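What follows is the content of coords.cif (mmCIF, C-alpha atoms).
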```cif
data_coords
#
loop_
_atom_site.label_atom_id
_atom_site.label_comp_id
_atom_site.auth_asym_id
_atom_site.auth_seq_id
_atom_site.Cartn_x
_atom_site.Cartn_y
_atom_site.Cartn_z
CA MET A 16 126.72 -47.61 -8.15
CA ASP A 17 126.59 -46.02 -4.69
CA TYR A 18 122.83 -46.25 -4.82
CA LEU A 19 123.03 -49.95 -5.80
CA THR A 20 125.45 -50.66 -2.95
CA TRP A 21 123.13 -48.85 -0.52
CA LEU A 22 120.22 -50.91 -1.87
CA GLN A 23 122.17 -54.15 -1.47
CA ASP A 24 123.18 -53.28 2.11
CA ASN A 25 119.69 -52.15 3.14
CA ALA A 26 118.62 -53.93 6.35
CA PHE A 27 115.50 -55.56 4.86
CA ILE A 28 117.31 -56.71 1.70
CA THR A 29 120.20 -58.09 3.76
CA TRP A 30 117.69 -60.04 5.83
CA VAL A 31 115.97 -61.39 2.66
CA ARG A 32 119.34 -62.46 1.22
CA GLU A 33 120.76 -64.07 4.33
CA SER A 34 117.72 -65.34 6.23
CA GLU A 35 116.89 -69.04 6.13
CA SER A 36 113.27 -68.20 6.97
CA LEU A 37 110.53 -69.28 4.55
CA LEU A 38 109.62 -65.58 4.37
CA GLY A 39 113.09 -64.75 3.05
CA TYR A 40 114.71 -65.23 -0.37
CA THR A 41 112.88 -68.46 -1.28
CA LEU A 42 109.45 -66.84 -0.83
CA TYR A 43 110.27 -64.14 -3.39
CA LEU A 44 111.87 -66.68 -5.72
CA ALA A 45 108.85 -69.02 -5.63
CA PHE A 46 106.28 -66.24 -6.03
CA HIS A 47 108.31 -64.76 -8.90
CA THR A 48 107.63 -68.00 -10.80
CA ILE A 49 103.98 -68.12 -9.66
CA GLY A 50 103.44 -64.52 -10.86
CA MET A 51 105.05 -65.42 -14.17
CA VAL A 52 102.71 -68.37 -14.79
CA PHE A 53 99.67 -66.20 -13.83
CA LEU A 54 100.78 -63.68 -16.45
CA VAL A 55 102.04 -65.89 -19.28
CA GLY A 56 99.58 -68.80 -18.85
CA PRO A 57 96.42 -66.83 -19.87
CA ASN A 58 98.53 -65.06 -22.51
CA LEU A 59 99.11 -68.49 -24.09
CA LEU A 60 95.36 -69.08 -24.21
CA MET A 61 94.83 -65.76 -26.02
CA ALA A 62 97.71 -66.57 -28.38
CA ALA A 63 96.22 -70.01 -29.13
CA ARG A 64 93.03 -68.29 -30.32
CA VAL A 65 94.67 -65.39 -32.16
CA LEU A 66 97.25 -67.56 -33.93
CA GLY A 67 94.68 -70.15 -35.03
CA LEU A 68 95.41 -73.08 -32.71
CA ALA A 69 91.93 -72.79 -31.14
CA PRO A 70 89.92 -71.02 -33.86
CA ASP A 71 86.52 -71.77 -32.28
CA LEU A 72 87.23 -70.03 -28.95
CA PRO A 73 85.42 -66.71 -28.60
CA ILE A 74 87.75 -63.75 -27.97
CA ALA A 75 85.51 -61.28 -26.12
CA PRO A 76 84.93 -63.53 -23.03
CA MET A 77 88.72 -63.70 -22.48
CA ARG A 78 88.67 -60.07 -21.38
CA PRO A 79 88.34 -60.85 -17.61
CA LEU A 80 91.62 -62.80 -17.81
CA ARG A 81 93.32 -59.41 -18.18
CA GLY A 82 92.70 -58.63 -14.50
CA PHE A 83 94.17 -61.99 -13.53
CA MET A 84 97.24 -61.31 -15.70
CA THR A 85 97.66 -57.87 -14.07
CA VAL A 86 97.79 -59.56 -10.65
CA GLY A 87 100.44 -61.94 -12.02
CA LEU A 88 102.40 -58.99 -13.42
CA TRP A 89 102.45 -57.15 -10.09
CA ILE A 90 103.49 -60.30 -8.19
CA THR A 91 106.33 -60.74 -10.69
CA VAL A 92 107.41 -57.08 -10.56
CA ILE A 93 107.38 -56.83 -6.74
CA THR A 94 109.15 -60.15 -6.13
CA GLY A 95 111.55 -59.49 -9.03
CA SER A 96 112.48 -56.07 -7.59
CA VAL A 97 113.30 -57.64 -4.21
CA LEU A 98 115.34 -60.42 -5.89
CA PHE A 99 117.19 -57.80 -7.96
CA ALA A 100 117.94 -55.76 -4.83
CA THR A 101 119.67 -58.75 -3.21
CA ALA A 102 122.55 -58.49 -5.73
CA PRO A 103 122.02 -55.35 -7.86
CA VAL A 104 125.68 -54.69 -8.69
CA GLY A 105 126.05 -58.20 -10.11
CA TYR A 106 122.78 -58.02 -12.07
CA VAL A 107 123.48 -54.68 -13.82
CA HIS A 108 126.73 -56.17 -15.15
CA ASN A 109 125.08 -59.39 -16.28
CA VAL A 110 124.30 -59.22 -20.03
CA VAL A 111 121.89 -62.18 -19.84
CA PHE A 112 119.90 -60.41 -17.11
CA ILE A 113 119.74 -57.23 -19.20
CA VAL A 114 118.46 -59.29 -22.18
CA LYS A 115 115.83 -60.82 -19.86
CA ILE A 116 114.59 -57.41 -18.68
CA ALA A 117 114.57 -56.01 -22.23
CA ALA A 118 112.58 -59.04 -23.45
CA ILE A 119 110.06 -58.66 -20.60
CA VAL A 120 109.56 -54.93 -21.25
CA GLY A 121 109.18 -55.62 -24.98
CA ALA A 122 106.71 -58.47 -24.34
CA LEU A 123 104.61 -56.29 -22.02
CA VAL A 124 104.46 -53.39 -24.51
CA LEU A 125 103.46 -55.70 -27.38
CA LEU A 126 101.00 -57.66 -25.23
CA ARG A 127 99.33 -54.44 -24.15
CA ALA A 128 99.03 -53.36 -27.80
CA ALA A 129 97.66 -56.79 -28.81
CA MET A 130 95.08 -56.78 -25.99
CA HIS A 131 94.10 -53.21 -26.89
CA GLN A 132 93.41 -54.42 -30.45
CA LEU A 133 91.42 -57.39 -29.15
CA PHE A 134 89.37 -55.93 -26.31
CA ASP A 135 89.30 -52.12 -26.39
CA ARG A 136 87.95 -51.41 -29.86
CA SER A 137 84.28 -50.63 -30.34
CA ILE A 138 83.77 -53.54 -32.75
CA ASP A 139 83.08 -57.11 -31.63
CA PRO A 140 86.40 -59.03 -31.93
CA ASP A 141 84.51 -62.21 -32.81
CA ALA A 142 82.59 -60.62 -35.67
CA GLU A 143 85.59 -60.50 -38.01
CA PRO A 144 88.82 -62.46 -38.58
CA VAL A 145 91.69 -61.43 -36.29
CA PRO A 146 93.66 -58.66 -38.09
CA MET A 147 97.15 -59.60 -39.26
CA LYS A 148 98.61 -56.80 -37.10
CA THR A 149 97.18 -58.40 -33.94
CA LYS A 150 98.51 -61.81 -35.00
CA ARG A 151 101.98 -60.36 -35.50
CA LEU A 152 101.86 -58.58 -32.14
CA MET A 153 100.84 -61.80 -30.37
CA ALA A 154 103.47 -63.91 -32.16
CA ALA A 155 106.18 -61.36 -31.26
CA THR A 156 104.95 -61.34 -27.64
CA LEU A 157 105.31 -65.13 -27.44
CA ALA A 158 108.81 -64.97 -28.96
CA LEU A 159 109.82 -62.34 -26.38
CA TRP A 160 108.38 -64.41 -23.49
CA LEU A 161 110.44 -67.33 -24.76
CA ILE A 162 113.60 -65.19 -24.77
CA ALA A 163 112.73 -63.91 -21.27
CA VAL A 164 112.27 -67.45 -19.90
CA VAL A 165 115.50 -68.69 -21.51
CA ALA A 166 117.47 -65.64 -20.31
CA GLY A 167 115.86 -65.91 -16.86
CA ARG A 168 117.07 -69.48 -16.47
CA LEU A 169 120.54 -68.65 -17.79
CA THR A 170 121.06 -65.61 -15.53
CA ALA A 171 122.59 -67.96 -12.96
CA TYR A 172 125.20 -69.28 -15.42
CA SER A 173 128.25 -67.67 -16.96
CA GLY A 174 130.01 -67.26 -20.34
CA VAL A 175 130.64 -70.55 -22.09
CA VAL A 176 127.72 -72.39 -20.44
CA VAL A 177 125.29 -69.64 -21.55
CA ILE A 178 126.46 -69.79 -25.17
CA ALA A 179 126.43 -73.62 -25.23
CA SER A 180 122.93 -73.70 -23.63
CA ILE A 181 121.50 -71.17 -26.09
CA THR A 182 122.97 -73.15 -29.01
CA ALA A 183 121.50 -76.39 -27.62
CA PHE A 184 118.09 -74.75 -27.14
CA VAL A 185 118.07 -73.31 -30.68
CA ILE A 186 119.00 -76.75 -32.11
CA PHE A 187 116.22 -78.29 -29.97
CA LEU A 188 113.70 -75.74 -31.32
CA VAL A 189 114.76 -76.30 -34.95
CA VAL A 190 114.51 -80.09 -34.60
CA ALA A 191 111.10 -79.81 -32.84
CA ALA A 192 109.82 -77.41 -35.56
CA ALA A 193 111.06 -79.76 -38.31
CA ILE A 194 109.29 -82.74 -36.69
CA VAL A 195 106.02 -80.78 -36.37
CA TYR A 196 106.33 -79.53 -39.97
CA LEU A 197 106.98 -83.03 -41.36
CA ALA A 198 104.10 -84.48 -39.29
CA ARG A 199 101.72 -81.83 -40.65
CA LEU A 200 102.96 -82.42 -44.19
CA ARG A 201 102.31 -86.16 -43.79
CA THR A 202 98.81 -85.53 -42.40
CA HIS A 203 97.94 -83.22 -45.32
CA ARG A 204 99.20 -85.77 -47.85
CA THR A 205 97.25 -88.70 -46.40
CA ARG A 206 94.02 -86.74 -45.85
CA PRO A 207 91.71 -87.02 -48.92
CA VAL A 208 91.17 -83.75 -50.71
CA VAL A 209 87.52 -82.71 -50.36
CA SER A 210 86.12 -79.88 -52.42
CA ALA A 211 83.96 -77.15 -50.92
CA ASP A 212 80.88 -78.56 -52.72
CA GLN A 213 81.46 -82.06 -51.40
CA ARG A 214 81.98 -80.66 -47.89
CA ALA A 215 78.63 -78.89 -48.10
CA VAL A 216 76.94 -82.17 -49.13
CA PHE A 217 78.60 -84.01 -46.25
CA SER A 218 77.47 -81.45 -43.73
CA ILE A 219 73.87 -81.72 -44.95
CA ASP A 220 74.08 -85.54 -44.72
CA ILE A 221 75.67 -85.61 -41.30
CA GLN A 222 73.47 -83.17 -39.45
CA PRO A 223 70.13 -85.10 -39.60
CA ALA A 224 71.96 -88.33 -38.64
CA ALA A 225 73.40 -86.62 -35.56
CA VAL A 226 69.91 -85.44 -34.56
CA LYS A 227 68.47 -88.95 -35.00
CA GLY A 228 71.28 -90.52 -32.95
CA GLY A 229 71.03 -88.01 -30.09
CA LYS A 230 68.80 -88.50 -27.08
CA MET B 16 114.37 -103.10 -0.89
CA GLU B 17 116.05 -99.81 -0.04
CA SER B 18 119.13 -100.74 -2.04
CA ILE B 19 116.99 -101.70 -5.06
CA ILE B 20 115.22 -98.30 -5.04
CA ALA B 21 118.57 -96.55 -4.59
CA TYR B 22 119.99 -98.57 -7.50
CA TRP B 23 117.10 -97.68 -9.82
CA MET B 24 117.10 -94.01 -8.90
CA ARG B 25 120.70 -93.36 -9.90
CA TRP B 26 121.37 -93.41 -13.65
CA PRO B 27 125.12 -93.22 -14.30
CA SER B 28 124.54 -92.62 -18.03
CA VAL B 29 122.43 -89.51 -17.25
CA GLU B 30 125.03 -88.35 -14.73
CA MET B 31 127.78 -88.84 -17.29
CA PHE B 32 125.83 -86.93 -19.93
CA LEU B 33 125.13 -84.02 -17.55
CA THR B 34 128.78 -83.95 -16.44
CA ASN B 35 130.19 -84.03 -19.98
CA HIS B 36 127.74 -81.52 -21.48
CA THR B 37 127.53 -78.27 -19.50
CA TRP B 38 124.50 -77.13 -21.53
CA ALA B 39 122.37 -80.16 -20.63
CA TRP B 40 121.30 -79.08 -17.12
CA PRO B 41 120.36 -75.47 -18.11
CA LEU B 42 118.55 -76.79 -21.21
CA CYS B 43 116.50 -79.12 -19.00
CA GLU B 44 115.73 -76.17 -16.69
CA ILE B 45 114.50 -74.11 -19.64
CA LEU B 46 112.30 -76.97 -20.90
CA HIS B 47 111.00 -77.58 -17.34
CA PHE B 48 109.82 -73.95 -17.20
CA ILE B 49 108.31 -74.06 -20.69
CA GLY B 50 106.42 -77.21 -19.67
CA LEU B 51 105.19 -75.42 -16.56
CA ILE B 52 103.87 -72.47 -18.58
CA LEU B 53 102.11 -74.81 -21.05
CA LEU B 54 100.53 -76.65 -18.11
CA PHE B 55 99.24 -73.43 -16.57
CA GLY B 56 98.14 -72.00 -19.94
CA ALA B 57 95.91 -74.98 -20.64
CA VAL B 58 94.96 -76.55 -17.30
CA GLY B 59 95.11 -73.29 -15.29
CA SER B 60 92.76 -71.55 -17.75
CA PHE B 61 90.37 -74.51 -17.53
CA ASP B 62 90.45 -74.32 -13.71
CA LEU B 63 89.84 -70.55 -13.74
CA ARG B 64 86.80 -71.04 -15.97
CA LEU B 65 85.49 -73.71 -13.57
CA LEU B 66 85.89 -71.14 -10.77
CA GLY B 67 83.79 -68.65 -12.72
CA ILE B 68 86.47 -66.39 -14.26
CA ALA B 69 85.86 -65.66 -17.99
CA LYS B 70 82.51 -67.45 -17.82
CA GLY B 71 81.78 -66.67 -21.47
CA LEU B 72 84.36 -69.26 -22.55
CA PRO B 73 82.79 -72.66 -23.34
CA LEU B 74 84.51 -75.39 -21.29
CA ARG B 75 83.98 -77.81 -24.17
CA LEU B 76 86.41 -75.71 -26.25
CA LEU B 77 88.89 -75.12 -23.41
CA ASP B 78 88.92 -78.89 -22.89
CA ARG B 79 90.42 -79.29 -26.38
CA LEU B 80 93.52 -77.39 -25.24
CA VAL B 81 94.13 -79.68 -22.26
CA PRO B 82 96.40 -82.00 -24.36
CA TRP B 83 98.83 -79.03 -24.54
CA GLY B 84 98.84 -78.99 -20.75
CA VAL B 85 99.46 -82.75 -20.73
CA PHE B 86 102.35 -82.18 -23.15
CA GLY B 87 103.73 -79.49 -20.81
CA PHE B 88 103.40 -81.87 -17.86
CA ALA B 89 105.19 -84.63 -19.83
CA LEU B 90 108.01 -82.17 -20.57
CA CYS B 91 108.27 -81.44 -16.83
CA VAL B 92 108.24 -85.16 -15.94
CA VAL B 93 111.00 -86.02 -18.43
CA THR B 94 113.25 -83.10 -17.41
CA GLY B 95 112.42 -83.61 -13.71
CA THR B 96 113.43 -87.27 -14.00
CA ILE B 97 116.74 -86.17 -15.56
CA PHE B 98 117.30 -83.76 -12.63
CA VAL B 99 116.67 -86.44 -10.02
CA THR B 100 118.41 -89.41 -11.64
CA GLY B 101 121.45 -87.34 -12.63
CA ILE B 102 121.62 -85.11 -9.55
CA VAL B 103 125.03 -86.49 -8.51
CA ALA B 104 126.49 -84.58 -11.49
CA ASN B 105 125.24 -81.32 -9.97
CA VAL B 106 125.41 -81.57 -6.19
CA GLY B 107 127.20 -84.86 -5.54
CA THR B 108 124.37 -86.33 -3.43
CA HIS B 109 122.76 -89.68 -4.22
CA PRO B 110 119.17 -89.23 -5.54
CA TYR B 111 117.80 -91.66 -2.96
CA VAL B 112 119.32 -89.59 -0.15
CA VAL B 113 117.79 -86.46 -1.75
CA LEU B 114 114.39 -88.16 -1.93
CA LYS B 115 114.64 -89.25 1.72
CA THR B 116 115.86 -85.93 3.11
CA ASN B 117 114.51 -83.15 0.88
CA VAL B 118 111.10 -82.28 2.33
CA TRP B 119 110.28 -79.92 -0.58
CA LEU B 120 110.82 -82.67 -3.16
CA GLN B 121 108.62 -84.98 -1.06
CA LEU B 122 105.89 -82.32 -0.85
CA LYS B 123 106.14 -81.58 -4.57
CA LEU B 124 105.71 -85.27 -5.45
CA LEU B 125 102.84 -85.56 -2.95
CA PHE B 126 101.06 -82.56 -4.51
CA ILE B 127 101.53 -84.00 -8.03
CA LEU B 128 99.99 -87.25 -6.78
CA LEU B 129 97.07 -85.32 -5.20
CA ALA B 130 96.58 -83.34 -8.44
CA GLY B 131 96.38 -86.67 -10.28
CA LEU B 132 93.80 -87.99 -7.80
CA ASN B 133 91.87 -84.73 -8.14
CA LEU B 134 91.79 -85.20 -11.91
CA LEU B 135 90.63 -88.78 -11.41
CA ALA B 136 87.82 -87.50 -9.16
CA PHE B 137 86.85 -84.99 -11.88
CA HIS B 138 86.26 -87.88 -14.28
CA LEU B 139 84.87 -90.48 -11.84
CA THR B 140 82.25 -88.12 -10.41
CA GLY B 141 80.99 -87.39 -13.94
CA MET B 142 81.89 -83.70 -13.59
CA SER B 143 84.05 -83.81 -16.73
CA ARG B 144 80.95 -84.75 -18.76
CA VAL B 145 78.69 -82.25 -17.00
CA VAL B 146 80.98 -79.24 -17.54
CA ARG B 147 81.45 -80.02 -21.24
CA MET B 148 77.71 -79.47 -21.69
CA LEU B 149 77.73 -76.06 -19.97
CA GLN B 150 76.85 -73.10 -22.15
CA PRO B 151 78.81 -69.82 -22.18
CA GLY B 152 77.83 -67.85 -19.06
CA ASP B 153 76.74 -70.93 -17.10
CA ASP B 154 78.18 -71.52 -13.64
CA ALA B 155 79.96 -74.84 -13.09
CA PRO B 156 78.36 -77.09 -10.41
CA PRO B 157 79.80 -76.57 -6.89
CA LEU B 158 81.68 -79.90 -6.99
CA ALA B 159 83.33 -78.98 -10.30
CA ARG B 160 84.26 -75.57 -8.87
CA PHE B 161 85.76 -77.25 -5.83
CA ILE B 162 87.78 -79.62 -8.03
CA GLY B 163 88.93 -76.67 -10.22
CA GLY B 164 90.01 -74.64 -7.17
CA THR B 165 91.78 -77.65 -5.68
CA SER B 166 93.59 -78.29 -8.97
CA LEU B 167 94.80 -74.68 -9.17
CA ALA B 168 95.95 -74.68 -5.53
CA LEU B 169 97.74 -78.02 -5.92
CA TRP B 170 99.61 -76.96 -9.07
CA LEU B 171 100.61 -73.66 -7.45
CA GLY B 172 101.89 -75.73 -4.51
CA VAL B 173 103.87 -77.88 -6.95
CA VAL B 174 105.53 -74.71 -8.34
CA TYR B 175 106.18 -73.32 -4.85
CA PHE B 176 107.76 -76.52 -3.49
CA GLY B 177 109.63 -77.06 -6.75
CA ARG B 178 111.40 -73.70 -6.40
CA LEU B 179 112.40 -74.58 -2.83
CA ILE B 180 114.02 -77.95 -3.67
CA PRO B 181 117.52 -76.60 -4.52
CA TRP B 182 117.67 -74.68 -1.23
CA ALA B 183 117.47 -77.87 0.82
CA LEU B 184 120.13 -79.83 -1.11
#
```
Full structure transcribed into structure tokens:
Amino acid sequence: MDYLTWLQDNAFITWVRESESLLGYTLYLAFHTIGMVFLVGPNLLMAARVLGLAPDLPIAPMRPLRGFMTVGLWITVITGSVLFATAPVGYVHNVVFIVKIAAIVGALVLLRAAMHQLFDRSIDPDAEPVPMKTKRLMAATLALWLIAVVAGRLTAYSGVVVIASITAFVIFLVVAAAIVYLARLRTHRTRPVVSADQRAVFSIDIQPAAVKGGK
Amino acid sequence: MESIIAYWMRWPSVEMFLTNHTWAWPLCEILHFIGLILLFGAVGSFDLRLLGIAKGLPLRLLDRLVPWGVFGFALCVVTGTIFVTGIVANVGTHPYVVLKTNVWLQLKLLFILLAGLNLLAFHLTGMSRVVRMLQPGDDAPPLARFIGGTSLALWLGVVYFGRLIPWAL
């Protein structure tokens, strides 16, 4: 605790906490969010492909996004460390903050493993279906990011409000999932069932027409 | 005119809801952030590809994910409207006074407007059609790259100013 108190009272950290300059607390706060979107945004794109939302996207060309995500990670870590140092004693006693950090560490470990499966193996990731293990890693990463974002927002609140907000968010998620599920069920029911043979015939019919129509 | 705008900006029912339900404001904050991430996941990735990062990704396919970004933006607009119209419940200041005095909110709204105009330019200049025809590995035309870079910068500005709003209340 002595170390945390020393950290909190450090001249630079005191200036960051108390200064009204645009280079003070608000700069670190804003760039913490910017770093987060740099990191999680491209992760969503990868997840969309791996989890089947964008099945046509090639995986291999996403590799350069890793560098971009690393920049986002470092921005988040550096700004987050400064923000933590402005009130370390309070943060280490805040359960919601500890959940946030645990979720972030977990998400980073799983994301690293998922990206290793996607980009670092000798085989072409687009030559075969995405392995179930990679899908599970990516789904768990997304779930942990969600927990991190929720916990990050709720770090500023206390006790009863945190519990009520988590309950409200879970109810919101369940209702949203039920609506999506029912909508998909309805779409599947109304869509005519086409056999594989019929589909093959359609594709043969459609292709020449598309060529004729094109300029 | 001023009183009409002030009247329309303050929604007592939203205020009442936020006051009576302590979870409502944090829930809106969570959804605002989720919307932001969806926006950057879809639109930000599209902009990065326009700028030449991950050039192997076909823009035609990235374009299909843009509706997710639009959904994220809609989530931000709905929750942002709740923040502004019900702000009395949180800080006790009339939303019209906040709009008139909070420079960060003004800049955020201006940047959203500019991002909208930038998107309009992307379609009106025909760049949206041109980039959809690009093959993997192709560079986007300079105008499309400029529009992509501008879009990314404007949305980052929106995030930056958005985080500063509470500090000027």
Centre, x/y/z edge lengths, axis-aligned box for region 147-158 of chain B with 6 Å per side, as JSON:
```
{"center_x": 79.2, "center_y": -73.9, "center_z": -14.5, "size_x": 16.9, "size_y": 24.2, "size_z": 27.3}
```
| said: Residues of chain B within 9 Å of chain A, counting all atoms listed in the file - could you list those as JSON, numbers by chain? | reply: {"B": [36, 37, 38, 39, 40, 41, 42, 44, 45, 46, 48, 49, 51, 52, 53, 54, 55, 56, 57, 59, 60, 63, 68, 69, 70, 71, 72, 73, 76, 77, 79, 80, 151, 171, 174, 175, 176, 177, 178, 179, 182]}
- [ ] Step by step, work through what the PyMOL selection byres ((chain B and resi 30-33) around 9) selects in the shown file, and finish by giving those residues as a list of chain:residue names.
- [x] B:Arg25, B:Trp26, B:Pro27, B:Ser28, B:Val29, B:Thr34, B:Asn35, B:His36, B:Thr37, B:Trp38, B:Ala39, B:Trp40, B:Ile97, B:Thr100, B:Gly101, B:Ile102, B:Val103, B:Ala104, B:Asn105
For the selection just defined, write its residues with C-alpha atoms to a file, as an mmCIF file, in the frame of the given file.
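The resulting file, result_32.cif, is reproduced below:
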```
data_model
loop_
_atom_site.group_PDB
_atom_site.id
_atom_site.type_symbol
_atom_site.label_atom_id
_atom_site.label_comp_id
_atom_site.auth_asym_id
_atom_site.auth_seq_id
_atom_site.Cartn_x
_atom_site.Cartn_y
_atom_site.Cartn_z
ATOM 1 C CA ARG B 25 120.700 -93.360 -9.900
ATOM 2 C CA TRP B 26 121.370 -93.410 -13.650
ATOM 3 C CA PRO B 27 125.120 -93.220 -14.300
ATOM 4 C CA SER B 28 124.540 -92.620 -18.030
ATOM 5 C CA VAL B 29 122.430 -89.510 -17.250
ATOM 6 C CA THR B 34 128.780 -83.950 -16.440
ATOM 7 C CA ASN B 35 130.190 -84.030 -19.980
ATOM 8 C CA HIS B 36 127.740 -81.520 -21.480
ATOM 9 C CA THR B 37 127.530 -78.270 -19.500
ATOM 10 C CA TRP B 38 124.500 -77.130 -21.530
ATOM 11 C CA ALA B 39 122.370 -80.160 -20.630
ATOM 12 C CA TRP B 40 121.300 -79.080 -17.120
ATOM 13 C CA ILE B 97 116.740 -86.170 -15.560
ATOM 14 C CA THR B 100 118.410 -89.410 -11.640
ATOM 15 C CA GLY B 101 121.450 -87.340 -12.630
ATOM 16 C CA ILE B 102 121.620 -85.110 -9.550
ATOM 17 C CA VAL B 103 125.030 -86.490 -8.510
ATOM 18 C CA ALA B 104 126.490 -84.580 -11.490
ATOM 19 C CA ASN B 105 125.240 -81.320 -9.970
#
```
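Coordinates place CA of Pro144 (chain A) at a distance of 19.6 Å from CA of Arg127 (chain A).
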One decimal place gives the CA of Val146 (chain B)-CA of Arg75 (chain B) separation as 7.4 Å
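The interatomic distance for the pair CA of Trp21 (chain A) and CA of Leu123 (chain A) works out to 29.3 Å.
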Write out as a ChimeraX atom specification each polymer residue whose atoms come within 12 Å of Asp24 (chain A), counting all atoms listed in the file; drop sequence neighbours fewer than 4 positions from it. /A:17-20,28-33,100-104
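Distances here use all atoms listed in the file; by that measure, the residue among B:Pro110, B:Gly141, B:Gly67, B:Gly50 closest to Trp83 (chain B) is B:Gly50.
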### Query
Got a sec to resolve the PyMOL selection byres ((chain B and resi 184) around 8) on this structure and send the residues as a VMD selection string?
chain B and resid 106 113 117 180 to 183
field: Explicit residue set for the PyMOL selection byres ((chain A and resi 143) around 12), as a PyMOL selection string
entry: chain A and resi 65+73-75+133+138-142+144-147
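Closest to Phe137 (chain B) among B:Leu122, B:Val112, B:Leu65, B:Met24 is B:Leu65, based on all atoms listed in the file.
Compared by their closest atoms to Ala136 (chain B), and using only C-alpha atoms, the residues B:Pro156, B:Lys123, B:Phe161, B:Tyr111 rank with B:Phe161 nearest.
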Output of region 63-79 of chain B limited to C-alpha atoms, as a PDB file, in the first residue's frame:
```pdb
ATOM      1  CA  LEU B  63      -8.220   1.316 -42.991  1.00  0.00           C
ATOM      2  CA  ARG B  64      -8.583  -0.777 -46.149  1.00  0.00           C
ATOM      3  CA  LEU B  65      -9.170   2.409 -48.176  1.00  0.00           C
ATOM      4  CA  LEU B  66      -5.924   3.754 -46.678  1.00  0.00           C
ATOM      5  CA  GLY B  67      -4.065   0.654 -47.851  1.00  0.00           C
ATOM      6  CA  ILE B  68      -3.892  -1.427 -44.646  1.00  0.00           C
ATOM      7  CA  ALA B  69      -4.820  -5.115 -45.196  1.00  0.00           C
ATOM      8  CA  LYS B  70      -5.012  -4.530 -48.947  1.00  0.00           C
ATOM      9  CA  GLY B  71      -5.820  -8.191 -49.596  1.00  0.00           C
ATOM     10  CA  LEU B  72      -9.337  -7.673 -48.220  1.00  0.00           C
ATOM     11  CA  PRO B  73     -11.907  -7.000 -50.965  1.00  0.00           C
ATOM     12  CA  LEU B  74     -13.779  -3.747 -50.221  1.00  0.00           C
ATOM     13  CA  ARG B  75     -16.896  -5.248 -51.799  1.00  0.00           C
ATOM     14  CA  LEU B  76     -17.019  -7.762 -48.912  1.00  0.00           C
ATOM     15  CA  LEU B  77     -16.089  -5.237 -46.200  1.00  0.00           C
ATOM     16  CA  ASP B  78     -18.921  -3.058 -47.513  1.00  0.00           C
ATOM     17  CA  ARG B  79     -21.399  -5.786 -46.506  1.00  0.00           C
TER      18      ARG B  79
END
```
